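Inspection log for the structure reproduced underneath, given as structure tokens.
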Amino acid sequence: MTYRHLTLTERDGALRVALDRPEVLNALNLELLAELADALTGPAAEPRVRAVLLTGTGRAFCAGADLGSTAVDADIGAVLEGYYHPVVRAVAALEKPVVAGVNGVAAGAGLSLAAACDVRVAAHTATFALGFTGIGLALDAGSSYFLSRLIGPGRTLELAFGNRRVDAAEALRIGLVERVLDGPDFADDVMGVVRALASGPTLAYALVKAEVRAALDNTLGEQLAFEAEAQARAGASDDAREGIRAFVEKRAPRYGGR
Ligand code: LHQ
């Protein structure tokens with residue numbers, strides 16, 4: 001499939017997926033969302049791709065739902081189920097790290113998208129706003145689920161009620177992003193972060209991702225069992241053998257991802 005509203009570039013096992021509607025700050029229309037679901041279940045799921053970067057073209061990450069093409073009388077529930085949820089589920093289902101490279105403003109469902117990714121790396125100039133209540137809407141596209149877990153229920157409610165803009169420093173402090181990059185070339189620098197992940201032990205990363213997701217719902221007993229099973233799989237992998245061998249031989253490991 002060729003994409004109209006996405007640009008895909010691949011390097012050293014790292015796939016960069018850039019939302020590409022800069023004239024509307026990469027606002028999400030239905031066509032873009034369908035393309036994004038396709039990219040995340042097709043190209044991003046290819047075994048040769050070992051880490052994924054989701055970012056934006058131009059000065060924004062994503063300004064949320066395209067308010068120009070969203071009819072006020074649309075069945076938003078059906079739009080969410082048909083177009084937004086497949087994207088959120090696809091990110092969760094990818095058995096590899098998915099990094100949101102927040103290059104600029106992330107608002108509304110754009111912030112939901114960033115929150116659904118495994119890790120958020122922001123430019124020091126990035127800003128964040130929930131947006132939803134600013135236009136009389138509730139949280140959607142996974143934002144209430146992920147933000148309650150990332151920054152806690154109180155902060156989620158404060159940001160949703162106030163709909164204020166948060167800068168990168170505050171986002172880092174409250175746990176809305178995990179890392180802020182200060183350099184002048186964010187696009188290059190964040191791709192460097194993702195390329196480093198793409199050379200890591202991909203199976204172990206996938207198992208860690210599953211463990212952390214499961215930990216949010218499991219009891220301690222359930223989680224210990226989950227970990228034991230995951231570790232049995234990791235321990236039997238080529239990469240674990242290589243990692244231990246490299247440690248003993250005092251050299252950098254060369255991971256094949258399995
Ligand atoms: C836009 C947008 C946009 C279209 C900027 N759409 N054009 C809702 C409904 C249905 C289904 C599912 O889910 C949802 C959930 C949501 O996502 S609700 C939240 C929707 N998003 C927002 O409320 C954010 C709206 N945008 C803004 O508040 C501002 O644009 C932000 C704070 C993002 C950026 O402000 P500025 O940096 O000052 O840029 P700007 O406002 O001048 O925008 C630049 C252009 O982008 C402008 O077009 P123009 O032709 O005047 O240059 C905007 O109209 C356009 N744009 N966001 N969501």
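Following the order of the structure tokens, chains are lettered A, B, ..., residues in each are numbered from 1, and ligands are numbered from 1.
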Taking only C-alpha atoms and all ligand atoms and a cut-off of 9 Å, can you tell me which residues surround ligand 1, written as a PDB file with C-alpha atoms, in the first residue's frame?
ATOM      1  CA  PRO A  22       1.822  19.426   8.270  1.00  0.00           C
ATOM      2  CA  GLU A  23      -0.594  22.093   6.979  1.00  0.00           C
ATOM      3  CA  VAL A  24      -3.089  21.015   9.691  1.00  0.00           C
ATOM      4  CA  LEU A  25      -0.472  20.034  12.281  1.00  0.00           C
ATOM      5  CA  ASN A  26      -0.889  16.354  11.285  1.00  0.00           C
ATOM      6  CA  ALA A  27      -4.525  16.289  12.395  1.00  0.00           C
ATOM      7  CA  LEU A  28      -6.069  12.841  12.062  1.00  0.00           C
ATOM      8  CA  ASN A  29      -8.608  12.296   9.313  1.00  0.00           C
ATOM      9  CA  ARG A  59       6.358  21.642  13.526  1.00  0.00           C
ATOM     10  CA  ALA A  60       3.725  19.386  15.160  1.00  0.00           C
ATOM     11  CA  CYS A  62      -0.293  15.678  15.973  1.00  0.00           C
ATOM     12  CA  ALA A  63      -3.132  18.124  16.780  1.00  0.00           C
ATOM     13  CA  GLY A  64      -5.668  15.341  17.339  1.00  0.00           C
ATOM     14  CA  ALA A  65      -8.829  14.660  15.379  1.00  0.00           C
ATOM     15  CA  ASP A  66      -9.161  16.726  12.209  1.00  0.00           C
ATOM     16  CA  LEU A  67     -11.809  19.163  13.331  1.00  0.00           C
ATOM     17  CA  GLY A  68     -12.243  20.375   9.763  1.00  0.00           C
ATOM     18  CA  SER A  69     -13.454  16.990   8.523  1.00  0.00           C
ATOM     19  CA  THR A  70     -15.171  15.774  11.712  1.00  0.00           C
ATOM     20  CA  ALA A  71     -18.923  16.294  11.384  1.00  0.00           C
ATOM     21  CA  VAL A  72     -20.496  17.378  14.670  1.00  0.00           C
ATOM     22  CA  ALA A  74     -20.975  12.020  13.303  1.00  0.00           C
ATOM     23  CA  ASP A  75     -21.302   8.802  15.317  1.00  0.00           C
ATOM     24  CA  ILE A  76     -18.069   9.382  17.227  1.00  0.00           C
ATOM     25  CA  GLY A  77     -18.324   5.992  18.967  1.00  0.00           C
ATOM     26  CA  ALA A  78     -18.346   4.238  15.616  1.00  0.00           C
ATOM     27  CA  VAL A  79     -15.490   6.406  14.315  1.00  0.00           C
ATOM     28  CA  LEU A  80     -13.440   5.557  17.386  1.00  0.00           C
ATOM     29  CA  TYR A  83     -10.524   4.035  12.990  1.00  0.00           C
ATOM     30  CA  TYR A  84      -8.825   5.007  16.266  1.00  0.00           C
ATOM     31  CA  GLY A 104       6.111  19.433  18.485  1.00  0.00           C
ATOM     32  CA  VAL A 105       2.615  19.948  19.827  1.00  0.00           C
ATOM     33  CA  ALA A 106       0.625  16.823  20.760  1.00  0.00           C
ATOM     34  CA  ALA A 107      -3.056  17.579  21.416  1.00  0.00           C
ATOM     35  CA  GLY A 108      -6.261  15.594  21.843  1.00  0.00           C
ATOM     36  CA  ALA A 109      -6.114  12.233  20.144  1.00  0.00           C
ATOM     37  CA  GLY A 110      -2.542  13.164  19.140  1.00  0.00           C
ATOM     38  CA  LEU A 111      -1.651  12.986  22.817  1.00  0.00           C
ATOM     39  CA  SER A 112      -3.620   9.719  23.061  1.00  0.00           C
ATOM     40  CA  THR A 127       4.109  20.969  24.060  1.00  0.00           C
ATOM     41  CA  PHE A 128       1.143  18.912  25.198  1.00  0.00           C
ATOM     42  CA  ALA A 129      -2.569  19.618  25.689  1.00  0.00           C
ATOM     43  CA  LEU A 130      -5.491  17.301  26.159  1.00  0.00           C
ATOM     44  CA  GLY A 131      -7.758  19.501  24.068  1.00  0.00           C
ATOM     45  CA  PHE A 132     -10.820  17.305  24.400  1.00  0.00           C
ATOM     46  CA  THR A 133     -12.733  19.348  26.988  1.00  0.00           C
ATOM     47  CA  GLY A 134     -11.773  22.535  25.129  1.00  0.00           C
ATOM     48  CA  ILE A 135     -14.316  21.467  22.517  1.00  0.00           C
ATOM     49  CA  GLY A 136     -16.762  19.871  24.948  1.00  0.00           C
ATOM     50  CA  LEU A 137     -15.602  16.261  24.540  1.00  0.00           C
ATOM     51  CA  ALA A 138     -14.544  13.498  26.937  1.00  0.00           C
ATOM     52  CA  LEU A 139     -11.214  11.633  26.723  1.00  0.00           C
ATOM     53  CA  ASP A 140     -10.873   9.025  23.995  1.00  0.00           C
ATOM     54  CA  ALA A 141      -8.522   6.911  21.878  1.00  0.00           C
ATOM     55  CA  ARG A 165      -0.617  23.540  27.650  1.00  0.00           C
TER      56      ARG A 165
END
9 Å contact set for Ala210 in chain A, only C-alpha atoms, chain neighbours under 4 positions out, as a PyMOL selection string: chain A and resi 92+95+205-206+214-215+230
message: Here is a test: counting only C-alpha atoms, which residue of A:Ile174, A:Glu211, A:Thr202, A:Ser237 is nearest to Gly257 in chain A?
response: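 Smallest separation from Gly257 in chain A among the options: A:Thr202.
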message: Which residues are near His5 in chain A? Cut-off 8 Å, only C-alpha atoms, ignore same chain within fewer than 5 positions. Put them as a list in words.
response: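 Listed by chain and then number, they are Leu19, Asp20, Arg21, Glu31, Leu32 and Glu35 of chain A.
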For the selection you just gave me, I'd like the residues written to a file as a compact mmCIF listing (two decimals), in the first residue's frame, keeping C-alpha atoms.
# COMPACT_ATOMS: atom_id res chain seq x y z
CA LEU A 19 2.28 11.59 10.13
CA ASP A 20 2.40 13.83 7.09
CA ARG A 21 -0.29 16.53 7.01
CA GLU A 31 -7.81 8.21 5.65
CA LEU A 32 -4.69 8.90 7.72
CA GLU A 35 -3.18 4.23 6.66
Going by DSSP on the backbone, which residues of range 79-112 of chain A come out as strand (DSSP E)? List them as an mmCIF file with all heavy atoms, in the first residue's frame.
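And here is the file that came out, out39.cif:
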data_model
loop_
_atom_site.group_PDB
_atom_site.id
_atom_site.type_symbol
_atom_site.label_atom_id
_atom_site.label_comp_id
_atom_site.auth_asym_id
_atom_site.auth_seq_id
_atom_site.Cartn_x
_atom_site.Cartn_y
_atom_site.Cartn_z
ATOM 1 N N VAL A 98 7.926 0.543 20.432
ATOM 2 C CA VAL A 98 7.317 1.605 19.617
ATOM 3 C C VAL A 98 7.524 2.911 20.378
ATOM 4 O O VAL A 98 7.035 3.071 21.502
ATOM 5 C CB VAL A 98 5.817 1.365 19.386
ATOM 6 C CG1 VAL A 98 5.229 2.474 18.507
ATOM 7 C CG2 VAL A 98 5.573 -0.014 18.750
ATOM 8 N N VAL A 99 8.274 3.821 19.772
ATOM 9 C CA VAL A 99 8.638 5.085 20.421
ATOM 10 C C VAL A 99 7.848 6.218 19.780
ATOM 11 O O VAL A 99 7.818 6.336 18.551
ATOM 12 C CB VAL A 99 10.151 5.349 20.247
ATOM 13 C CG1 VAL A 99 10.540 6.715 20.820
ATOM 14 C CG2 VAL A 99 10.964 4.241 20.912
ATOM 15 N N ALA A 100 7.215 7.044 20.602
ATOM 16 C CA ALA A 100 6.624 8.279 20.079
ATOM 17 C C ALA A 100 7.721 9.335 20.109
ATOM 18 O O ALA A 100 8.257 9.638 21.177
ATOM 19 C CB ALA A 100 5.446 8.716 20.945
ATOM 20 N N GLY A 101 8.052 9.868 18.973
ATOM 21 C CA GLY A 101 9.026 10.965 18.893
ATOM 22 C C GLY A 101 8.233 12.250 18.792
ATOM 23 O O GLY A 101 7.813 12.651 17.706
ATOM 24 N N VAL A 102 8.012 12.876 19.942
ATOM 25 C CA VAL A 102 7.103 14.027 19.980
ATOM 26 C C VAL A 102 7.891 15.281 19.596
ATOM 27 O O VAL A 102 8.546 15.914 20.426
ATOM 28 C CB VAL A 102 6.435 14.160 21.368
ATOM 29 C CG1 VAL A 102 5.377 15.266 21.333
ATOM 30 C CG2 VAL A 102 5.795 12.837 21.785
ATOM 31 N N VAL A 105 3.829 20.057 19.019
ATOM 32 C CA VAL A 105 2.615 19.948 19.827
ATOM 33 C C VAL A 105 1.912 18.594 19.641
ATOM 34 O O VAL A 105 1.823 18.070 18.525
ATOM 35 C CB VAL A 105 1.652 21.138 19.531
ATOM 36 C CG1 VAL A 105 1.154 21.120 18.096
ATOM 37 C CG2 VAL A 105 0.489 21.148 20.504
ATOM 38 N N ALA A 106 1.457 18.034 20.763
ATOM 39 C CA ALA A 106 0.625 16.823 20.760
ATOM 40 C C ALA A 106 -0.653 17.195 21.504
ATOM 41 O O ALA A 106 -0.607 17.540 22.691
ATOM 42 C CB ALA A 106 1.333 15.671 21.467
ATOM 43 N N ALA A 107 -1.789 17.155 20.797
ATOM 44 C CA ALA A 107 -3.056 17.579 21.416
ATOM 45 C C ALA A 107 -4.138 16.549 21.135
ATOM 46 O O ALA A 107 -4.098 15.842 20.122
ATOM 47 C CB ALA A 107 -3.477 18.945 20.876
#
Could you list, as a tab-separated table (two decimals) with all heavy atoms, in the first residue's frame, every residue within 8 Å of Tyr255 in chain A, counting only C-alpha atoms and ignoring same-chain residues fewer than 3 positions away?
chain	number	residue	atom	x	y	z
A	199	SER	N	18.86	-2.47	17.43
A	199	SER	CA	19.99	-3.40	17.47
A	199	SER	C	20.01	-4.18	18.79
A	199	SER	O	20.97	-4.89	19.08
A	199	SER	CB	21.31	-2.64	17.27
A	199	SER	OG	21.53	-1.80	18.37
A	200	GLY	N	18.94	-4.04	19.56
A	200	GLY	CA	18.88	-4.72	20.86
A	200	GLY	C	18.28	-6.11	20.77
A	200	GLY	O	17.97	-6.61	19.69
A	201	PRO	N	18.11	-6.76	21.92
A	201	PRO	CA	17.51	-8.10	21.97
A	201	PRO	C	15.99	-8.00	21.82
A	201	PRO	O	15.26	-7.90	22.81
A	201	PRO	CB	17.92	-8.61	23.36
A	201	PRO	CG	18.05	-7.37	24.17
A	201	PRO	CD	18.47	-6.26	23.27
A	239	ASP	N	19.66	-14.61	21.56
A	239	ASP	CA	20.19	-13.34	22.09
A	239	ASP	C	20.66	-13.48	23.54
A	239	ASP	O	21.65	-12.84	23.93
A	239	ASP	CB	19.15	-12.23	21.97
A	239	ASP	CG	19.08	-11.67	20.55
A	239	ASP	OD1	19.97	-11.99	19.74
A	239	ASP	OD2	18.13	-10.92	20.25
A	242	GLU	N	23.97	-15.11	23.29
A	242	GLU	CA	24.95	-14.14	22.79
A	242	GLU	C	25.27	-13.09	23.87
A	242	GLU	O	26.44	-12.73	24.06
A	242	GLU	CB	24.40	-13.46	21.52
A	242	GLU	CG	25.08	-12.16	21.10
A	242	GLU	CD	26.55	-12.31	20.71
A	242	GLU	OE1	27.07	-13.45	20.64
A	242	GLU	OE2	27.21	-11.25	20.52
A	243	GLY	N	24.26	-12.64	24.59
A	243	GLY	CA	24.48	-11.62	25.62
A	243	GLY	C	25.42	-12.12	26.71
A	243	GLY	O	26.35	-11.41	27.13
A	258	ARG	N	16.44	-12.54	18.10
A	258	ARG	CA	15.66	-13.75	18.41
A	258	ARG	C	16.28	-14.55	19.54
A	258	ARG	O	17.48	-14.53	19.72
A	258	ARG	CB	15.56	-14.65	17.17
A	258	ARG	CG	14.63	-14.07	16.13
A	258	ARG	CD	14.66	-14.88	14.87
A	258	ARG	NE	16.03	-14.89	14.33
A	258	ARG	CZ	16.44	-15.68	13.35
A	258	ARG	NH1	15.64	-16.53	12.85
A	258	ARG	NH2	17.67	-15.61	12.89
